[in-house]
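**Q** Pasting in a structure now, in structure tokens, and then I'll have a few things to ask.
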Amino acid sequence: MNKFLLPLTIFGIMVGFLAVGLTLNPREIPSPLIGKAAPTFALPQLHEQDKVFSPSDMKGQVWLLNFWASWCSGCRTEHPVLMDLAKSGVVPIYGVDYKDQRGEALAWLDQWGNPYLIVAVDAAGRVGIDYGVYGVPETYVIDKQGLIRYKQIGPLDDETLAKKILPLVKELQAK
Amino acid sequence: MKWIVLMALLLAGPSWAGDARPLGDDPAVEARLKQLAVELRCLVCQNQTLADSNAPLAEDLRREVREMIVKNMSDKEIIDFLVSRYGDFVLYRPPLKTSTTLLWAGPFVLLAGGGIALAVALRRRGRKVEQAMITDEEHRRVEQLLSQGVKRP
């Protein structure tokens with residue numbers, strides 16, 4: 001019995017590591033911006049081109065910043081979730097149209113619906129780089145002081161919304 | 001006739017196969033960009049360096065780095081710029097920190113552990129062989145059996 005104990009223990013430890021590893025997504029890059037101030041920018045708006053949108057406009061509110069594009073299939077997937085969230089009015093959603101064409105972005109919103117109060121246009125992707133965006137869609141929860149509290153990499157789904165994002169939003173709104 | 005054709009083909013004029021034309025015009029900047037880009041990771045094709053990848057984000061990041069080089073930012077400032085936005089993963093070589101000690105030391109620790117286990121197992125086996133002493137009588141029997149085995153048709 002004794003000579004089986006050591007290999008069995010080593011095997012048990014390995015299984016432990018593998019089990020944890022299976023729940024992790026190796027492609028996800030956690031953001032170093034959590035807890036830090038949302039990077040400033042001043043981008044032209046999609047609908048009213050002579051106006052500018054900036055995160056400093058949002059101080060005092062808890063809000064969602066969603067990076068999306070008309071060419072992005074994941075954005076299409078999460079779109080119903082965003083529409084429902086926008087209808088519920090729990091938290092305002094602002095969009096950044098990332099490396100897109102204005103005509104196509106407008107057409108996309110016309111066709112599928114517009115959950116955003118304002119859409120800012122990041123044509124060159126520089127604001128995306130400031131936010132550490134490496135693929136769309138990505139969504140940030142930003143608090144009343146303008147600090148990033150949560151980053152969703154990839155499409156939003158109802159489960160993450162219910163379990164992580166909405167409780168966080170309610171907590172931040174109470175502060 | 002075919003020899004003439006063959007000779008003609010072999011004597012075809014020299015062709016110039018040069019490097020692809022770099023995207024920027026200043027060779028000093030491009031050289032520095034290349035030096036930095038091989039130490040940075042493409043975040044989309046995560047197993048490629050920023051220098052190798054053709055992903056749109058990689059092109060954007062190379063453009064950013066090029067602009068920072070033109071502004072005369074130091075290597076450390078450029079790397080800090082990217083790490084503050086994307087985290088340590090943007091470095092192609094994992095930095096040596098307390099959190100990555102297991103990553104760096106792990107393989108050597110496992111190798112040493114395996115080596116020790118091997119040494120212990122071999123020593124134990126050596127001892128077992130010593131203990132199998134046989135008498136002269138048994139030795140003669142073994143010789144007899146072995147020689148019989150050779151004569152098998």
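Just so we're on the same page: first chain in the structure tokens is A, next is B, and so on; residues restart at 1 for each chain, and ligands are numbered from 1 in the order they show up.
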Within 12 Å of chain B, which residues of chain A show up? Give each one with its shortest atom-to-atom distance in Å (one decimal) and the two atoms involved, counting only C-alpha atoms, rows by chain then rising residue number, as a tab-separated table.
**A**
residue	atom	partner	partner_atom	distance
A:Lys3	CA	B:Ala121	CA	11.5
A:Leu6	CA	B:Ala117	CA	10.8
A:Pro7	CA	B:Ala117	CA	11.1
A:Ile10	CA	B:Leu110	CA	11.6
A:Pro26	CA	B:Gln46	CA	9.7
A:Arg27	CA	B:Gln46	CA	7.6
A:Glu28	CA	B:Leu43	CA	9.6
A:Ile29	CA	B:Phe89	CA	7.1
A:Pro30	CA	B:Gly87	CA	7.4
A:Ser31	CA	B:Tyr86	CA	6.2
A:Pro32	CA	B:Gly87	CA	5.3
A:Leu33	CA	B:Arg85	CA	6.7
A:Ile34	CA	B:Arg85	CA	10.4
A:Lys36	CA	B:Ser84	CA	10.3
A:Ala37	CA	B:Arg85	CA	11.8
A:Ala38	CA	B:Arg85	CA	10.9
A:Pro39	CA	B:Arg85	CA	9.7
A:Tyr98	CA	B:Leu57	CA	11.4
A:Lys99	CA	B:Pro56	CA	9.9
A:Ala123	CA	B:Asp60	CA	11.6
A:Ala124	CA	B:Asp60	CA	8.2
A:Gly125	CA	B:Asp60	CA	7.5
A:Arg126	CA	B:Asp60	CA	8.0
A:Val127	CA	B:Arg85	CA	10.9
A:Gly128	CA	B:Leu57	CA	9.7
A:Ile129	CA	B:Arg85	CA	7.2
A:Asp130	CA	B:Arg85	CA	6.1
A:Tyr131	CA	B:Arg85	CA	6.3
A:Gly132	CA	B:Arg85	CA	4.8
A:Val133	CA	B:Tyr86	CA	8.1
A:Tyr134	CA	B:Leu43	CA	6.3
A:Gly135	CA	B:Val44	CA	7.4
A:Val136	CA	B:Leu57	CA	11.0
**Q** Using only C-alpha atoms, determine which residues lie at most 9 Å from Leu117 (chain A), disregarding the query and same-chain residues fewer than 2 positions distant; provide the list as a VMD selection string.
**A** chain A and resid 86 92 to 95 114 to 115 119
**Q** Check the smallest atom-to-atom distance from each of A:Arg76, A:Lys164, A:Lys144, A:Lys151 to Met58 (chain A) using only C-alpha atoms, then report the winner.
**A** A:Lys144
**Q** Quick one: pull the distance between CA of His79 (chain A) and CA of Gln152 (chain A), Å, one decimal.
**A** 14.1 Å
**Q** As a VMD selection string, please: every residue in chain A that a backbone DSSP assignment puts in strand (DSSP E).
**A** chain A and resid 43 to 44 52 to 53 63 to 68 93 to 98 119 to 122 138 to 142 148 to 153
**Q** Would you put the residues from that selection into a file with N, CA and C atoms, as a short mmCIF file (atom, residue, chain, number, x, y, z; two decimals), in the first residue's frame?
**A**
data_model
loop_
_atom_site.label_atom_id
_atom_site.label_comp_id
_atom_site.auth_asym_id
_atom_site.auth_seq_id
_atom_site.Cartn_x
_atom_site.Cartn_y
_atom_site.Cartn_z
N LEU A 43 -14.02 62.09 -27.76
CA LEU A 43 -14.26 61.58 -29.10
C LEU A 43 -15.53 62.17 -29.69
N PRO A 44 -15.57 62.33 -31.01
CA PRO A 44 -16.80 62.82 -31.64
C PRO A 44 -17.90 61.79 -31.49
N VAL A 52 -19.06 66.19 -28.74
CA VAL A 52 -17.97 65.35 -28.26
C VAL A 52 -18.44 64.61 -27.01
N PHE A 53 -17.95 63.37 -26.82
CA PHE A 53 -18.26 62.64 -25.60
C PHE A 53 -16.98 62.36 -24.84
N TRP A 63 -21.95 53.91 -14.71
CA TRP A 63 -22.34 53.69 -16.10
C TRP A 63 -21.51 52.58 -16.72
N LEU A 64 -22.01 52.10 -17.87
CA LEU A 64 -21.34 51.05 -18.62
C LEU A 64 -20.76 51.66 -19.89
N LEU A 65 -19.50 51.29 -20.19
CA LEU A 65 -18.89 51.72 -21.45
C LEU A 65 -18.66 50.47 -22.28
N ASN A 66 -19.31 50.39 -23.42
CA ASN A 66 -19.25 49.18 -24.23
C ASN A 66 -18.55 49.45 -25.56
N PHE A 67 -17.43 48.76 -25.79
CA PHE A 67 -16.71 48.88 -27.06
C PHE A 67 -17.32 47.88 -28.04
N TRP A 68 -17.75 48.35 -29.22
CA TRP A 68 -18.41 47.47 -30.18
C TRP A 68 -18.06 47.92 -31.59
N ILE A 93 -26.01 53.01 -20.60
CA ILE A 93 -24.98 52.36 -21.41
C ILE A 93 -24.50 53.34 -22.48
N TYR A 94 -23.19 53.50 -22.53
CA TYR A 94 -22.58 54.35 -23.55
C TYR A 94 -21.68 53.49 -24.41
N GLY A 95 -21.65 53.78 -25.70
CA GLY A 95 -20.89 52.93 -26.60
C GLY A 95 -19.69 53.62 -27.20
N VAL A 96 -18.67 52.83 -27.56
CA VAL A 96 -17.57 53.35 -28.36
C VAL A 96 -17.53 52.49 -29.61
N ASP A 97 -17.72 53.12 -30.75
CA ASP A 97 -17.69 52.42 -32.03
C ASP A 97 -16.23 52.29 -32.44
N TYR A 98 -15.71 51.07 -32.35
CA TYR A 98 -14.27 50.83 -32.45
C TYR A 98 -13.86 50.47 -33.87
N VAL A 119 -23.09 57.30 -28.57
CA VAL A 119 -22.00 56.47 -29.11
C VAL A 119 -20.86 57.38 -29.50
N ALA A 120 -19.67 57.08 -28.98
CA ALA A 120 -18.48 57.83 -29.37
C ALA A 120 -17.76 57.06 -30.46
N VAL A 121 -17.08 57.77 -31.36
CA VAL A 121 -16.44 57.11 -32.49
C VAL A 121 -14.93 57.07 -32.29
N ASP A 122 -14.38 55.83 -32.17
CA ASP A 122 -12.94 55.66 -32.05
C ASP A 122 -12.45 55.05 -33.35
N GLU A 138 -15.99 44.55 -25.59
CA GLU A 138 -15.51 44.60 -24.22
C GLU A 138 -16.30 45.68 -23.50
N THR A 139 -16.66 45.42 -22.25
CA THR A 139 -17.53 46.35 -21.52
C THR A 139 -16.92 46.69 -20.17
N TYR A 140 -16.97 47.94 -19.82
CA TYR A 140 -16.40 48.41 -18.55
C TYR A 140 -17.50 48.96 -17.66
N VAL A 141 -17.43 48.62 -16.36
CA VAL A 141 -18.33 49.23 -15.38
C VAL A 141 -17.54 50.34 -14.70
N ILE A 142 -18.04 51.57 -14.79
CA ILE A 142 -17.30 52.73 -14.26
C ILE A 142 -18.14 53.38 -13.17
N ILE A 148 -12.62 52.54 -13.01
CA ILE A 148 -13.08 51.29 -13.64
C ILE A 148 -13.20 50.24 -12.53
N ARG A 149 -14.37 49.60 -12.47
CA ARG A 149 -14.57 48.61 -11.41
C ARG A 149 -14.61 47.19 -11.93
N TYR A 150 -14.95 47.01 -13.20
CA TYR A 150 -15.09 45.66 -13.75
C TYR A 150 -14.93 45.74 -15.25
N LYS A 151 -14.27 44.69 -15.81
CA LYS A 151 -14.16 44.64 -17.26
C LYS A 151 -14.69 43.30 -17.73
N GLN A 152 -15.62 43.34 -18.66
CA GLN A 152 -16.14 42.12 -19.26
C GLN A 152 -15.43 41.94 -20.60
N ILE A 153 -14.71 40.81 -20.72
CA ILE A 153 -14.03 40.54 -21.98
C ILE A 153 -14.93 39.63 -22.80
#
